[in-house]
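Asks: Supplied in structure tokens, the structure appears directly below.
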Amino acid sequence: MKNRVMAGKGQSKGFDRMKKTVLMAAVLATTLFGASIESKAAALVANIDVSSQTMTVSKYGQVLYRWSVSTARKGYFTPRGSYRPQWTARMWYSRKYEMSPMPYSVFFRGGYAIHGTGAVKYLGRPASHGCVRLHTANAATFYSMVREAGYGNTRIVVTD
């Protein structure tokens, strides 16, 4: 009878070790799985709503900024879709439009960019050749956020 009780106690210790091992494995798997999901989601998202002429900037799902913008005026087009930044320029001059200044440019599709403008009186209505224009101070903020987050962790979404 003593052997049985002893065997039961020994099995109990083994069972406790097994529970701890399974629990540790579950915690590790959850941590790794959770990290992989988060890494696939963009840390920084700029949602440009063409119909309302606004840009909403979110970081990890929390809205940080909502700014007025100008997108393409009649006869021009701002591309719709979801993009990652391709490249940035602290100051760029448009070769296509008479060397117009494009401060704090974040290029997202070929020559299309989010950039600052001096024509702030037009913000909130379509006025550009296709780029997304915003106040230069806001462009500087967004430019810095993109450079900090990285192109791979930034998503630019343009919708109607």
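In the structure tokens, chains take letters A, B, ... by order of appearance, with residues numbered from 1 within each chain and ligands from 1 in the order shown.
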Report as a VMD selection string all protein, DNA and RNA residues lying within 9 Å of stretch 42-50 of chain A, evaluated on only C-alpha atoms, omitting residues in the same chain fewer than 5 positions from it.

Replies: chain A and resid 55 to 61 69 to 72 78 80 125 to 126 132 142 145 to 146 149 to 150 152 to 160

Asks: Just the residues within 10 Å of A:Ala119, please, counting only C-alpha atoms, with nothing from its chain fewer than 4 positions along; format it as a list of chain:residue names.

Replies: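 Those residues are A:Ser70, A:Leu123, A:Ala127, A:Ser128, A:Arg133, A:Leu134, A:His135, A:Thr136.
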
Asks: Do a neighbour search on A:Tyr104 at 7 Å with only C-alpha atoms, toss out local chain neighbours closer than 6 positions, and write the hits as a PDB file with N, CA and C atoms, in the first residue's frame.

Replies:
```pdb
ATOM      1  N   ALA A  89      11.646  62.574 -49.494  1.00  0.00           N
ATOM      2  CA  ALA A  89      12.586  63.666 -49.772  1.00  0.00           C
ATOM      3  C   ALA A  89      12.226  64.851 -48.883  1.00  0.00           C
ATOM      4  N   ARG A  90      13.189  65.333 -48.156  1.00  0.00           N
ATOM      5  CA  ARG A  90      12.972  66.506 -47.278  1.00  0.00           C
ATOM      6  C   ARG A  90      12.500  67.694 -48.108  1.00  0.00           C
ATOM      7  N   MET A  91      13.095  67.860 -49.306  1.00  0.00           N
ATOM      8  CA  MET A  91      12.648  68.882 -50.248  1.00  0.00           C
ATOM      9  C   MET A  91      12.807  68.331 -51.652  1.00  0.00           C
ATOM     10  N   HIS A 115       2.715  65.656 -49.599  1.00  0.00           N
ATOM     11  CA  HIS A 115       3.741  66.677 -49.368  1.00  0.00           C
ATOM     12  C   HIS A 115       3.123  67.988 -48.903  1.00  0.00           C
ATOM     13  N   GLY A 116       3.974  68.854 -48.394  1.00  0.00           N
ATOM     14  CA  GLY A 116       3.541  70.163 -47.937  1.00  0.00           C
ATOM     15  C   GLY A 116       3.256  71.096 -49.106  1.00  0.00           C
ATOM     16  N   ALA A 139       2.876  68.186 -42.972  1.00  0.00           N
ATOM     17  CA  ALA A 139       3.699  67.329 -43.840  1.00  0.00           C
ATOM     18  C   ALA A 139       5.008  66.968 -43.134  1.00  0.00           C
ATOM     19  N   ALA A 140       5.588  67.925 -42.439  1.00  0.00           N
ATOM     20  CA  ALA A 140       6.835  67.670 -41.702  1.00  0.00           C
ATOM     21  C   ALA A 140       6.601  66.633 -40.600  1.00  0.00           C
ATOM     22  N   TYR A 143       6.089  63.217 -42.355  1.00  0.00           N
ATOM     23  CA  TYR A 143       7.389  62.814 -42.905  1.00  0.00           C
ATOM     24  C   TYR A 143       8.265  62.198 -41.797  1.00  0.00           C
TER      25      TYR A 143
END
```

Asks: Enter the distance from atom CA of A:Ser82 to atom CA of A:Asn138, in Å, rounded to one decimal.

Replies: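 Calculated distance between atom CA of A:Ser82 and atom CA of A:Asn138 is 20.8 Å.
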
Asks: Please identify which residues in stretch 24-156 of chain A DSSP calls helix (DSSP H, G or I) from the backbone, and express them as a VMD selection string.

Replies: chain A and resid 24 to 40 120 to 122 136 to 149 151 to 153

Asks: Show me, as a list of chain:residue names, the residues that have an atom within 9 Å of A:Gln86 when counting only C-alpha atoms, minus same-chain residues fewer than 4 positions from it.

Replies: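 With the cut-off at 9 Å, the set is A:Val106, A:Phe107, A:Phe108, A:Arg109, A:Gly110, A:Tyr151.
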
Asks: Which of these, A:Gly124, A:Gly75, A:Gly81, A:Gly111, has the shortest distance to A:Tyr97 once you count only C-alpha atoms?

Replies: A:Gly111

Asks: When you draw a straight line from atom CA of A:Ser68 to atom CA of A:Arg84, how long is it in Å?

Replies: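 It comes out at 21.0 Å.
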
Asks: Given the choices A:Thr117, A:Lys96, A:Met102, A:Tyr112, which gets closest to A:Cys131 if the distance is worked out from only C-alpha atoms?

Replies: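 Counting only C-alpha atoms, the residue closest to A:Cys131 is A:Tyr112.
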
Asks: Using only C-alpha atoms, which residue out of A:Ser94, A:Gln62, A:Ser105, A:Gln53 lies closest to A:His129?

Replies: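 Of all the options, A:Ser94 lies closest to A:His129.
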